[in-house]
Protein chains: 2
Amino acid sequence: MAPLRRRRVVGLVIVGDELLDGRTRESNSHYLIERLLRLRGAVGSIRIVGDRHQDIVDAIHDAHRESVAVVVTGGLGPTPDDLTREALAGFVGESLFLDEELAEVLVRRYRRRGREMAETNLRQAYRTPSGRSIPNPRGTAPGLLHLHEGVPILLLPGVPAELRSMWEQTGEGVVAPLVKGGAPRALRLRSAGLPESDAAQLVGEIAAAAPALELAFCVTRFGVDILLRTEDEGLDLGAASRPFVDALGEKLYTIGDGGLPEVLAELLWERGESVAVAESCTGGLLGAELSSVPGSSRYFRGGILAYADEVKRRQLGVEAEDLRLHGAVSAEVAEAMARGARERLESDWALAITGIAGPDGGSEEKPVGTVFVALAGAEGAQHRRLSLPGDRAQNREWSVAAALDLLRRHLLARGSSSPKP
Amino acid sequence: MAPLRRRRVVGLVIVGDELLDGRTRESNSHYLIERLLRLRGAVGSIRIVGDRHQDIVDAIHDAHRESVAVVVTGGLGPTPDDLTREALAGFVGESLFLDEELAEVLVRRYRRRGREMAETNLRQAYRTPSGRSIPNPRGTAPGLLHLHEGVPILLLPGVPAELRSMWEQTGEGVVAPLVKGGAPRALRLRSAGLPESDAAQLVGEIAAAAPALELAFCVTRFGVDILLRTEDEGLDLGAASRPFVDALGEKLYTIGDGGLPEVLAELLWERGESVAVAESCTGGLLGAELSSVPGSSRYFRGGILAYADEVKRRQLGVEAEDLRLHGAVSAEVAEAMARGARERLESDWALAITGIAGPDGGSEEKPVGTVFVALAGAEGAQHRRLSLPGDRAQNREWSVAAALDLLRRHLLARGSSSPKP
């Protein structure tokens, strides 16, 4: 039954009851898959198990049998139901011991934050004698690297931010040499404003003419990513991607990893221009995206969350007449909100969103999912009407993506920066 | 190594290359977990494998060994890389044969849609001799139910809509009798403002005195959830949870599923009171949380995103003197922001956040992670200073949770609603 260990294949073991009882939707595997693809490695299988000693042992055993490296996430916390360290020890046939140095690091870490370390946290300072600990710059749980029959087994915490920084700082360096050298090379084309089926349609013919390329589509919160991959070492991926880039046109917002906020940040920053927001149904999500980029104070002024109509009038100067005649969800009010935010916050640009995110509040004329996004600049305001088919959370996310993309395209259409007076 | 088959535990095997190469984020397991929990069953483990014959055989083998039923999804399509039927046949030691009746159904199905069936689709009409097919009302791929050593193995398509209707029409009827009648009953205690290790410490002694209860801790974006579970049918979970509830005190924000925004929504709504926000480093995240609840217009007025200091002065009335003397990240400015938002947006309450989310902008006196949250009401303003150890995204999220919790606790401390004049 035992398959051979496959070249460049990494096995993932994801530990946590919360992933099996509906509390938490697992997300670390998706991150690790993406990182491994970049290294030109691949994931052979994923095993998700609960916080039970024998299940973890079995999963590590099975993954170890077939992979050149095993990544185990979760179950490294300070509580008694965190059993991953014990399971690894059981699998490799060693006993855990208290690493005094590691314990010191933990105690100091707590002290720096002005807190005493609880006794139970000492659990995190245990490791296998032939393993070595992986530093955790963002949390208390150290990771563990243990080489078993030449195959590295990495234990990393399940908290996504901790996992990511530890993977990038340490894990990748361990695994990269084992998976490098011939897995599909990939290029990511990121598009906004294009449904997945349209994207597939748009690039279908080009793809048919390029058999050395493998295509994959990935829906993100900003739009659709098209992943171009090849196993052909001789292929110039840049040149091969050009027809796709041309077909996507202005829907393509970047080639690579940056999201829409990062792309917009760069466009604004190089122009020395600023943006403000006026949000109704999104309630701050647009501002949250614009301010998610480190250094966003260079271009993000702030905004007005005008959830109540009175706030739209008083804080944004929307005319009562417009609200009465056209309704709060209308092109007129969206543009007035954008103009109001731009004037009052003294920004070069302002984006506004007003709509019916749902589940209630729809009408015959303006059903749930009707959203207006508007952009105001020195030359006036413009808007786009959206008809979104999702639930409340999705509609809010898509509205934010549409607003960000409206400004991106407008900046590109205007061409490069003109020096400000 | 073989663990015993566990009572009421179902094993999931999810098949598809697209789940391992970053194209698709797996979602069927989450659906099946929720359905099985309703039946009071549980998922023992999840195995995600690619479209490789031996991998599917191994995964079915391992899941079969430990479960009372096995659900396999994906790999039932008409193309040669769909191998799940073959893998099942290999595992149970039978040969697939063409089921003429099933083939007829397929041909008719295509004809009804005015299409000729391609030869390759006949693959979908093969089954094991002792298995029986499961009708697929929404697609072409029939499912397959095969009983092996008394354990049902269900093959279902990976297309979510097809899987769901087939599970609800057929799968559930097969699996329900095997898992019904006493799976762990659970109660979720949700807390805010308590690090995971402190939560473990706080309830540790109580847990030791209640051996019939199993505890799990889960970090959420609002705090820590403590899940109490029991297999003991006779145990009154409500009564057993009381010492935990008492120990958590005001840190407990709900028993059940609602998040902090939902709890706050209810508190505000029953008091007929409203809230506004003033945000600097969180850039809209707090408003986004408050407006994430359907019907939030009943209590959420809106807010001011005062990212730039000028916006703090002009839109919130923060004194230039306070900004100069204490800095934008200070208790004085946080409270002034809250007071300004409350006055200008005419709300009963206002929450403000100002801080250094990182990665840059820290100083000796105010390192990255220093955040002030403030609350203003009719009786004045108050603040809390936070020292957060995370990255930019985490620090922003934790700041929002702290602000929401500040208002929640204040409302509770004030007692029940007093009728408004």
# chains A, B, ... in the order shown; residues from 1 in each chain; ligands from 1
>>> calpha_fit_and_write(fixed="chain A", moving="chain B", output="short mmCIF file (atom, residue, chain, number, x, y, z; two decimals) with C-alpha atoms, in the first residue's frame")
data_model
loop_
_atom_site.label_atom_id
_atom_site.label_comp_id
_atom_site.auth_asym_id
_atom_site.auth_seq_id
_atom_site.Cartn_x
_atom_site.Cartn_y
_atom_site.Cartn_z
CA MET B 1 -4.95 5.44 -3.13
CA ALA B 2 -1.44 6.56 -2.14
CA PRO B 3 -0.34 9.46 -4.30
CA LEU B 4 3.34 9.76 -5.13
CA ARG B 5 5.53 11.96 -3.00
CA ARG B 6 5.48 15.21 -4.90
CA ARG B 7 8.58 17.21 -5.69
CA ARG B 8 9.18 20.21 -3.46
CA VAL B 9 5.90 19.68 -1.66
CA VAL B 10 5.74 20.05 2.12
CA GLY B 11 2.87 18.71 4.21
CA LEU B 12 1.53 20.63 7.21
CA VAL B 13 -0.12 19.09 10.26
CA ILE B 14 -1.64 21.57 12.68
CA VAL B 15 -2.55 20.18 16.10
CA GLY B 16 -4.86 21.68 18.72
CA ASP B 17 -8.40 21.33 20.03
CA GLU B 18 -8.63 25.12 20.20
CA LEU B 19 -8.47 25.23 16.39
CA LEU B 20 -11.50 22.97 16.03
CA ASP B 21 -13.81 24.40 18.67
CA GLY B 22 -13.89 28.03 17.59
CA ARG B 23 -11.56 29.41 20.24
CA THR B 24 -8.63 30.21 17.98
CA ARG B 25 -8.39 31.09 14.35
CA GLU B 26 -5.48 29.18 12.92
CA SER B 27 -2.69 31.42 11.58
CA ASN B 28 0.52 29.37 11.53
CA SER B 29 -0.26 27.70 8.23
CA HIS B 30 -0.50 31.05 6.47
CA TYR B 31 2.92 32.00 7.81
CA LEU B 32 4.48 28.68 6.77
CA ILE B 33 2.93 28.90 3.29
CA GLU B 34 4.50 32.30 2.75
CA ARG B 35 7.92 31.16 3.98
CA LEU B 36 7.82 28.02 1.84
CA LEU B 37 6.80 29.98 -1.26
CA ARG B 38 9.86 32.17 -0.80
CA LEU B 39 11.99 29.05 -0.84
CA ARG B 40 10.10 28.11 -4.03
CA GLY B 41 8.56 25.17 -2.25
CA ALA B 42 4.84 24.53 -2.02
CA VAL B 43 2.35 23.24 0.52
CA GLY B 44 0.58 20.13 -0.69
CA SER B 45 -2.14 19.97 1.92
CA ILE B 46 -2.95 21.06 5.45
CA ARG B 47 -4.41 18.76 8.09
CA ILE B 48 -5.87 20.34 11.21
CA VAL B 49 -6.52 17.81 13.97
CA GLY B 50 -7.43 17.91 17.65
CA ASP B 51 -5.36 16.75 20.61
CA ARG B 52 -6.07 13.04 20.03
CA HIS B 53 -3.24 10.55 19.73
CA GLN B 54 -4.54 8.50 16.82
CA ASP B 55 -5.64 11.56 14.82
CA ILE B 56 -2.14 13.03 15.05
CA VAL B 57 -0.55 9.70 14.08
CA ASP B 58 -2.86 9.41 11.05
CA ALA B 59 -2.24 12.98 9.93
CA ILE B 60 1.55 12.59 10.16
CA HIS B 61 1.26 9.30 8.28
CA ASP B 62 -0.78 10.81 5.46
CA ALA B 63 1.38 13.93 5.15
CA HIS B 64 4.56 11.86 5.24
CA ARG B 65 3.30 9.65 2.41
CA GLU B 66 3.02 12.52 -0.06
CA SER B 67 5.63 15.12 0.92
CA VAL B 68 9.37 15.69 0.90
CA ALA B 69 9.13 17.19 4.41
CA VAL B 70 6.45 17.38 7.10
CA VAL B 71 5.96 20.26 9.53
CA VAL B 72 3.82 19.53 12.59
CA THR B 73 2.86 22.44 14.85
CA GLY B 74 1.26 22.40 18.29
CA GLY B 75 0.81 19.86 21.05
CA LEU B 76 4.33 20.20 22.48
CA GLY B 77 3.38 21.90 25.75
CA PRO B 78 3.80 20.48 29.26
CA THR B 79 0.24 19.36 29.92
CA PRO B 80 -1.14 15.85 29.46
CA ASP B 81 -3.27 16.91 26.48
CA ASP B 82 -0.10 17.74 24.54
CA LEU B 83 0.39 14.53 22.59
CA THR B 84 2.40 15.37 19.49
CA ARG B 85 5.69 13.88 20.74
CA GLU B 86 3.92 10.62 21.65
CA ALA B 87 2.16 10.53 18.29
CA LEU B 88 5.41 10.96 16.38
CA ALA B 89 7.01 8.16 18.43
CA GLY B 90 4.03 5.96 17.65
CA PHE B 91 4.26 6.70 13.95
CA VAL B 92 7.99 5.99 13.63
CA GLY B 93 7.82 3.02 15.98
CA GLU B 94 10.22 4.27 18.66
CA SER B 95 9.82 4.88 22.39
CA LEU B 96 10.33 8.32 23.89
CA PHE B 97 13.13 8.65 26.44
CA LEU B 98 14.10 11.44 28.82
CA ASP B 99 16.98 13.44 27.32
CA GLU B 100 18.93 14.45 30.47
CA GLU B 101 20.75 17.25 28.67
CA LEU B 102 17.46 18.71 27.46
CA ALA B 103 16.06 18.43 30.98
CA GLU B 104 19.07 20.39 32.28
CA VAL B 105 18.46 23.14 29.73
CA LEU B 106 14.84 23.38 30.83
CA VAL B 107 15.69 23.51 34.53
CA ARG B 108 18.28 26.23 33.93
CA ARG B 109 15.84 28.19 31.82
CA TYR B 110 13.28 28.24 34.61
CA ARG B 111 15.96 29.08 37.19
CA ARG B 112 17.14 32.08 35.12
CA ARG B 113 13.64 33.42 35.29
CA GLY B 114 13.65 32.86 39.06
CA ARG B 115 11.15 30.01 38.96
CA GLU B 116 11.22 26.37 39.95
CA MET B 117 10.30 24.01 37.17
CA ALA B 118 7.16 21.98 37.78
CA GLU B 119 7.59 18.22 37.46
CA THR B 120 5.10 18.14 34.61
CA ASN B 121 7.39 20.26 32.44
CA LEU B 122 9.82 17.36 32.23
CA ARG B 123 7.48 15.99 29.57
CA GLN B 124 9.03 18.52 27.23
CA ALA B 125 12.49 16.93 27.60
CA TYR B 126 11.45 13.62 26.04
CA ARG B 127 12.42 12.77 22.48
CA THR B 128 12.76 9.87 20.05
CA PRO B 129 16.19 8.17 20.24
CA SER B 130 17.04 8.86 16.60
CA GLY B 131 15.54 12.35 16.57
CA ARG B 132 17.29 15.53 17.61
CA SER B 133 15.87 18.46 19.52
CA ILE B 134 15.35 21.92 17.99
CA PRO B 135 16.19 24.78 20.35
CA ASN B 136 13.38 27.18 21.26
CA PRO B 137 14.84 30.62 22.01
CA ARG B 138 11.45 32.10 23.01
CA GLY B 139 9.75 29.47 25.10
CA THR B 140 10.15 26.27 27.03
CA ALA B 141 8.94 23.69 24.52
CA PRO B 142 11.85 22.39 22.44
CA GLY B 143 11.09 21.22 18.92
CA LEU B 144 12.01 17.85 17.48
CA LEU B 145 13.49 16.86 14.13
CA HIS B 146 13.11 13.22 13.14
CA LEU B 147 14.15 11.75 9.79
CA HIS B 148 11.81 8.94 8.72
CA GLU B 149 12.46 7.08 5.47
CA GLY B 150 14.55 10.03 4.35
CA VAL B 151 11.75 12.53 4.97
CA PRO B 152 12.34 15.06 7.76
CA ILE B 153 9.46 15.50 10.19
CA LEU B 154 9.70 18.70 12.21
CA LEU B 155 7.71 19.20 15.41
CA LEU B 156 7.37 22.87 16.32
CA PRO B 157 5.28 24.62 19.00
CA GLY B 158 1.95 26.20 18.11
CA VAL B 159 2.70 29.56 19.78
CA PRO B 160 3.22 31.76 16.71
CA ALA B 161 6.27 33.69 17.99
CA GLU B 162 8.05 30.47 19.02
CA LEU B 163 7.16 28.70 15.79
CA ARG B 164 8.43 31.59 13.72
CA SER B 165 11.81 31.96 15.37
CA MET B 166 12.40 28.20 15.35
CA TRP B 167 11.36 27.92 11.72
CA GLU B 168 13.66 30.72 10.68
CA GLN B 169 16.61 29.54 12.82
CA THR B 170 16.41 25.80 12.22
CA GLY B 171 13.47 24.55 10.18
CA GLU B 172 14.20 26.53 7.04
CA GLY B 173 17.77 25.21 6.90
CA VAL B 174 16.48 21.65 6.99
CA VAL B 175 13.69 22.09 4.45
CA ALA B 176 15.27 24.54 1.99
CA PRO B 177 17.57 22.05 0.22
CA LEU B 178 14.60 19.74 -0.36
CA VAL B 179 12.32 22.29 -2.00
CA LYS B 180 14.71 24.67 -3.71
CA GLY B 181 15.20 25.07 -7.38
CA GLY B 182 12.13 25.36 -9.45
CA ALA B 183 8.80 25.33 -7.74
CA PRO B 184 6.00 26.66 -9.90
CA ARG B 185 6.72 30.23 -10.79
CA ALA B 186 3.62 32.37 -10.74
CA LEU B 187 2.27 35.62 -12.07
CA ARG B 188 -0.95 37.18 -10.82
CA LEU B 189 -3.14 39.12 -13.25
CA ARG B 190 -5.75 41.09 -11.32
CA SER B 191 -8.95 42.14 -13.07
CA ALA B 192 -11.97 44.21 -12.12
CA GLY B 193 -15.45 44.30 -13.63
CA LEU B 194 -15.38 40.74 -14.96
CA PRO B 195 -17.45 37.86 -13.47
CA GLU B 196 -15.44 34.65 -12.89
CA SER B 197 -17.13 32.71 -15.68
CA ASP B 198 -16.53 35.55 -18.17
CA ALA B 199 -12.88 35.61 -17.16
CA ALA B 200 -12.60 31.88 -17.77
CA GLN B 201 -14.31 32.27 -21.15
CA LEU B 202 -12.15 35.23 -22.15
CA VAL B 203 -8.81 33.51 -21.55
CA GLY B 204 -9.92 29.94 -22.30
CA GLU B 205 -8.61 29.74 -25.87
CA ILE B 206 -5.31 31.35 -25.01
CA ALA B 207 -4.88 28.92 -22.13
CA ALA B 208 -5.57 25.97 -24.43
CA ALA B 209 -2.75 27.17 -26.69
CA ALA B 210 -0.29 27.40 -23.79
CA PRO B 211 -0.08 23.93 -22.24
CA ALA B 212 2.99 24.82 -20.14
CA LEU B 213 0.86 27.24 -18.15
CA GLU B 214 -1.45 26.24 -15.34
CA LEU B 215 -4.35 28.61 -14.68
CA ALA B 216 -6.25 29.36 -11.51
CA PHE B 217 -9.02 31.83 -10.87
CA CYS B 218 -9.58 33.55 -7.56
CA VAL B 219 -12.48 35.85 -6.70
CA THR B 220 -11.41 38.87 -4.66
CA ARG B 221 -13.47 41.75 -3.34
CA PHE B 222 -12.35 43.81 -6.35
CA GLY B 223 -12.89 41.25 -9.11
CA VAL B 224 -11.16 38.12 -10.37
CA ASP B 225 -7.46 37.28 -10.18
CA ILE B 226 -6.01 34.96 -12.81
CA LEU B 227 -2.94 33.16 -11.56
CA LEU B 228 -0.58 31.88 -14.25
CA ARG B 229 1.84 29.21 -13.09
CA THR B 230 4.43 27.06 -14.72
CA GLU B 231 6.78 24.29 -13.73
CA ASP B 232 8.77 24.85 -16.92
CA GLU B 233 12.05 26.47 -15.89
CA GLY B 234 12.79 27.59 -19.44
CA LEU B 235 9.51 29.43 -19.96
CA ASP B 236 9.56 33.23 -20.03
CA LEU B 237 6.51 33.85 -17.86
CA GLY B 238 6.39 37.52 -18.83
CA ALA B 239 6.21 36.72 -22.53
CA ALA B 240 3.78 33.85 -21.97
CA SER B 241 1.46 36.16 -20.07
CA ARG B 242 1.21 38.75 -22.84
CA PRO B 243 -1.76 37.22 -24.72
CA PHE B 244 -3.64 37.08 -21.40
CA VAL B 245 -2.78 40.68 -20.67
CA ASP B 246 -4.02 41.70 -24.13
CA ALA B 247 -7.24 39.73 -23.75
CA LEU B 248 -8.02 41.31 -20.39
CA GLY B 249 -7.37 44.80 -21.77
CA GLU B 250 -8.51 47.59 -19.51
CA LYS B 251 -10.12 45.09 -17.13
CA LEU B 252 -6.60 44.26 -15.93
CA TYR B 253 -5.74 46.64 -13.14
CA THR B 254 -2.40 45.25 -12.09
CA ILE B 255 0.10 42.43 -12.47
CA GLY B 256 1.24 41.51 -8.99
CA ASP B 257 -0.14 42.01 -5.53
CA GLY B 258 -1.53 45.54 -5.21
CA GLY B 259 -5.27 45.91 -4.78
CA LEU B 260 -7.51 48.38 -6.59
CA PRO B 261 -7.03 51.07 -3.89
CA GLU B 262 -3.23 50.83 -4.18
CA VAL B 263 -3.39 51.08 -7.98
CA LEU B 264 -5.69 54.08 -7.79
CA ALA B 265 -3.47 55.67 -5.14
CA GLU B 266 -0.53 55.47 -7.51
CA LEU B 267 -2.46 56.86 -10.48
CA LEU B 268 -3.72 59.81 -8.46
CA TRP B 269 -0.43 60.42 -6.78
CA GLU B 270 1.61 60.52 -9.96
CA ARG B 271 -0.92 62.97 -11.43
CA GLY B 272 -0.96 65.07 -8.26
CA GLU B 273 -4.75 64.80 -8.19
CA SER B 274 -7.19 64.27 -5.37
CA VAL B 275 -10.46 62.45 -4.86
CA ALA B 276 -13.47 62.83 -2.58
CA VAL B 277 -16.50 60.61 -2.10
CA ALA B 278 -20.26 60.88 -1.60
CA GLU B 279 -21.80 57.67 -0.31
CA SER B 280 -25.31 56.58 0.42
CA CYS B 281 -25.86 52.80 0.61
CA THR B 282 -22.18 52.01 1.16
CA GLY B 283 -22.12 54.29 4.22
CA GLY B 284 -18.36 54.88 4.24
CA LEU B 285 -16.94 51.69 2.73
CA LEU B 286 -15.61 53.52 -0.33
CA GLY B 287 -13.85 56.09 1.84
CA ALA B 288 -12.52 53.28 4.02
CA GLU B 289 -10.95 51.61 0.96
CA LEU B 290 -9.46 54.82 -0.37
CA SER B 291 -7.96 55.60 3.05
CA SER B 292 -6.72 52.05 3.68
CA VAL B 293 -3.46 52.78 1.85
CA PRO B 294 -0.71 54.30 4.01
CA GLY B 295 -0.08 57.86 2.91
CA SER B 296 -3.60 58.24 1.51
CA SER B 297 -3.81 61.84 2.77
CA ARG B 298 -1.81 62.75 -0.35
CA TYR B 299 -4.82 62.11 -2.57
CA PHE B 300 -7.91 61.45 -0.41
CA ARG B 301 -9.70 64.61 0.68
CA GLY B 302 -12.60 63.04 2.53
CA GLY B 303 -16.27 62.73 1.78
CA ILE B 304 -19.92 63.07 2.66
CA LEU B 305 -21.91 60.09 3.88
CA ALA B 306 -25.34 61.12 2.72
CA TYR B 307 -27.48 58.36 4.08
CA ALA B 308 -30.55 60.50 4.73
CA ASP B 309 -32.03 62.44 1.79
CA GLU B 310 -31.81 65.70 3.74
CA VAL B 311 -28.06 65.17 3.99
CA LYS B 312 -27.93 64.66 0.23
CA ARG B 313 -29.66 68.01 -0.20
CA ARG B 314 -27.94 70.09 2.44
CA GLN B 315 -24.41 68.69 2.40
CA LEU B 316 -24.18 67.84 -1.28
CA GLY B 317 -26.60 70.29 -2.88
CA VAL B 318 -28.72 67.60 -4.54
CA GLU B 319 -31.95 69.25 -5.80
CA ALA B 320 -35.15 68.28 -4.01
CA GLU B 321 -36.67 68.14 -7.51
CA ASP B 322 -34.21 65.44 -8.61
CA LEU B 323 -34.91 63.41 -5.49
CA ARG B 324 -38.64 63.70 -6.04
CA LEU B 325 -38.67 63.05 -9.77
CA HIS B 326 -36.01 60.36 -10.09
CA GLY B 327 -35.69 59.00 -6.58
CA ALA B 328 -32.60 58.86 -4.35
CA VAL B 329 -31.42 55.80 -6.29
CA SER B 330 -31.04 57.25 -9.77
CA ALA B 331 -28.43 58.32 -12.28
CA GLU B 332 -29.38 61.96 -11.78
CA VAL B 333 -28.90 61.87 -8.02
CA ALA B 334 -25.67 59.84 -8.25
CA GLU B 335 -24.17 62.40 -10.61
CA ALA B 336 -25.42 65.30 -8.49
CA MET B 337 -23.86 63.71 -5.41
CA ALA B 338 -20.53 63.35 -7.18
CA ARG B 339 -20.63 66.96 -8.41
CA GLY B 340 -21.59 68.15 -4.94
CA ALA B 341 -18.76 66.29 -3.23
CA ARG B 342 -16.24 67.54 -5.77
CA GLU B 343 -17.28 71.16 -5.32
CA ARG B 344 -17.66 71.17 -1.57
CA LEU B 345 -14.52 69.20 -0.81
CA GLU B 346 -12.54 70.96 -3.57
CA SER B 347 -11.13 67.80 -5.06
CA ASP B 348 -10.13 67.02 -8.65
CA TRP B 349 -12.40 64.01 -8.75
CA ALA B 350 -15.36 62.74 -6.78
CA LEU B 351 -17.00 59.32 -6.73
CA ALA B 352 -20.59 58.78 -5.62
CA ILE B 353 -22.60 55.67 -4.81
CA THR B 354 -26.34 55.43 -4.26
CA GLY B 355 -28.29 52.21 -4.39
CA ILE B 356 -30.45 49.57 -2.80
CA ALA B 357 -28.10 47.16 -1.03
CA GLY B 358 -30.92 45.09 0.43
CA PRO B 359 -32.40 43.05 1.89
CA ASP B 360 -35.37 45.49 1.78
CA GLY B 361 -36.19 48.60 -0.21
CA GLY B 362 -36.43 47.14 -3.71
CA SER B 363 -39.22 47.81 -6.21
CA GLU B 364 -40.29 46.41 -9.57
CA GLU B 365 -38.42 49.11 -11.44
CA LYS B 366 -35.44 49.18 -9.10
CA PRO B 367 -34.98 45.81 -7.45
CA VAL B 368 -32.56 45.11 -4.61
CA GLY B 369 -29.07 45.30 -6.06
CA THR B 370 -29.76 48.35 -8.22
CA VAL B 371 -26.85 50.73 -7.65
CA PHE B 372 -25.66 53.85 -9.44
CA VAL B 373 -22.01 54.84 -9.24
CA ALA B 374 -20.96 58.22 -10.60
CA LEU B 375 -17.76 60.10 -11.26
CA ALA B 376 -17.42 63.87 -11.42
CA GLY B 377 -14.40 65.74 -12.79
CA ALA B 378 -13.68 69.14 -14.30
CA GLU B 379 -15.39 68.08 -17.55
CA GLY B 380 -18.63 66.95 -15.95
CA ALA B 381 -20.14 63.81 -14.50
CA GLN B 382 -20.87 60.29 -15.76
CA HIS B 383 -22.48 57.25 -14.20
CA ARG B 384 -22.86 53.49 -14.41
CA ARG B 385 -25.89 51.47 -13.41
CA LEU B 386 -25.24 48.13 -11.68
CA SER B 387 -27.59 45.19 -11.10
CA LEU B 388 -25.97 43.23 -8.31
CA PRO B 389 -27.11 39.73 -7.33
CA GLY B 390 -25.60 39.46 -3.83
CA ASP B 391 -26.64 40.06 -0.26
CA ARG B 392 -26.33 43.41 1.49
CA ALA B 393 -22.65 43.01 2.36
CA GLN B 394 -21.66 41.74 -1.10
CA ASN B 395 -23.64 44.39 -2.94
CA ARG B 396 -21.95 47.09 -0.87
CA GLU B 397 -18.50 45.62 -1.59
CA TRP B 398 -19.13 45.24 -5.32
CA SER B 399 -20.47 48.80 -5.52
CA VAL B 400 -17.24 50.06 -3.97
CA ALA B 401 -15.14 48.02 -6.44
CA ALA B 402 -17.17 49.39 -9.36
CA ALA B 403 -16.68 52.97 -8.17
CA LEU B 404 -12.93 52.55 -7.73
CA ASP B 405 -12.70 50.96 -11.15
CA LEU B 406 -14.72 53.72 -12.78
CA LEU B 407 -12.14 56.28 -11.70
CA ARG B 408 -9.20 54.00 -12.57
CA ARG B 409 -10.40 53.50 -16.13
CA HIS B 410 -11.21 57.15 -16.59
CA LEU B 411 -7.72 58.18 -15.46
CA LEU B 412 -6.13 55.67 -17.81
CA ALA B 413 -8.32 56.74 -20.74
CA ARG B 414 -7.29 60.33 -20.21
CA GLY B 415 -3.65 59.28 -20.63
CA SER B 416 -0.74 60.34 -18.50
CA SER B 417 -0.81 63.26 -16.14
CA SER B 418 -0.88 66.79 -17.39
CA PRO B 419 1.10 69.09 -15.09
CA LYS B 420 -1.25 71.08 -12.91
CA PRO B 421 -1.19 74.85 -13.27
#
>>> select_by_dssp(residues="segment 226-280 of chain A", states="strand (DSSP E or B)", output="list in words")
Ile226, Leu227, Leu228, Arg229, Thr230, Leu252, Tyr253, Thr254, Ile255, Val275, Ala276, Val277, Ala278 and Glu279 of chain A
>>> select_by_dssp(residues="segment 330-386 of chain A", states="helix (DSSP H, G or I)", output="number ranges by chain")
A: 331-344
>>> write_last_selection(atoms="N, CA and C atoms", output="JSON list (two decimals), in the first residue's frame")
[["chain", "number", "residue", "atom", "x", "y", "z"],
["A", 331, "ALA", "N", -27.54, 57.20, -8.09],
["A", 331, "ALA", "CA", -26.35, 57.77, -8.70],
["A", 331, "ALA", "C", -26.11, 59.19, -8.18],
["A", 332, "GLU", "N", -27.20, 59.95, -8.05],
["A", 332, "GLU", "CA", -27.09, 61.35, -7.62],
["A", 332, "GLU", "C", -26.47, 61.45, -6.23],
["A", 333, "VAL", "N", -26.98, 60.59, -5.31],
["A", 333, "VAL", "CA", -26.48, 60.66, -3.94],
["A", 333, "VAL", "C", -25.04, 60.12, -3.87],
["A", 334, "ALA", "N", -24.75, 59.07, -4.63],
["A", 334, "ALA", "CA", -23.38, 58.54, -4.63],
["A", 334, "ALA", "C", -22.39, 59.62, -5.07],
["A", 335, "GLU", "N", -22.73, 60.32, -6.15],
["A", 335, "GLU", "CA", -21.81, 61.37, -6.64],
["A", 335, "GLU", "C", -21.73, 62.53, -5.64],
["A", 336, "ALA", "N", -22.86, 62.88, -5.04],
["A", 336, "ALA", "CA", -22.85, 63.97, -4.06],
["A", 336, "ALA", "C", -22.00, 63.59, -2.84],
["A", 337, "MET", "N", -22.09, 62.32, -2.45],
["A", 337, "MET", "CA", -21.27, 61.85, -1.32],
["A", 337, "MET", "C", -19.78, 61.97, -1.66],
["A", 338, "ALA", "N", -19.43, 61.56, -2.87],
["A", 338, "ALA", "CA", -18.02, 61.62, -3.28],
["A", 338, "ALA", "C", -17.53, 63.07, -3.32],
["A", 339, "ARG", "N", -18.36, 63.94, -3.90],
["A", 339, "ARG", "CA", -17.96, 65.36, -3.95],
["A", 339, "ARG", "C", -17.83, 65.93, -2.54],
["A", 340, "GLY", "N", -18.77, 65.56, -1.68],
["A", 340, "GLY", "CA", -18.75, 66.06, -0.30],
["A", 340, "GLY", "C", -17.50, 65.62, 0.43],
["A", 341, "ALA", "N", -17.13, 64.35, 0.29],
["A", 341, "ALA", "CA", -15.95, 63.84, 0.98],
["A", 341, "ALA", "C", -14.70, 64.53, 0.46],
["A", 342, "ARG", "N", -14.64, 64.72, -0.87],
["A", 342, "ARG", "CA", -13.47, 65.34, -1.46],
["A", 342, "ARG", "C", -13.27, 66.77, -0.95],
["A", 343, "GLU", "N", -14.38, 67.52, -0.88],
["A", 343, "GLU", "CA", -14.28, 68.90, -0.42],
["A", 343, "GLU", "C", -13.95, 68.98, 1.05],
["A", 344, "ARG", "N", -14.70, 68.23, 1.85],
["A", 344, "ARG", "CA", -14.53, 68.38, 3.30],
["A", 344, "ARG", "C", -13.23, 67.79, 3.81]]
>>> decode(residues="segment 315-325 of chain B", atoms="C-alpha atoms", output="mmCIF file, in the first residue's frame")
data_model
loop_
_atom_site.group_PDB
_atom_site.id
_atom_site.type_symbol
_atom_site.label_atom_id
_atom_site.label_comp_id
_atom_site.auth_asym_id
_atom_site.auth_seq_id
_atom_site.Cartn_x
_atom_site.Cartn_y
_atom_site.Cartn_z
ATOM 1 C CA GLN B 315 -14.071 66.857 11.290
ATOM 2 C CA LEU B 316 -13.836 65.883 14.938
ATOM 3 C CA GLY B 317 -12.838 69.127 16.638
ATOM 4 C CA VAL B 318 -9.681 67.710 18.213
ATOM 5 C CA GLU B 319 -7.605 70.639 19.550
ATOM 6 C CA ALA B 320 -4.344 71.366 17.740
ATOM 7 C CA GLU B 321 -2.900 71.840 21.240
ATOM 8 C CA ASP B 322 -3.778 68.262 22.238
ATOM 9 C CA LEU B 323 -2.237 66.907 19.054
ATOM 10 C CA ARG B 324 0.923 68.912 19.630
ATOM 11 C CA LEU B 325 1.294 68.231 23.334
#
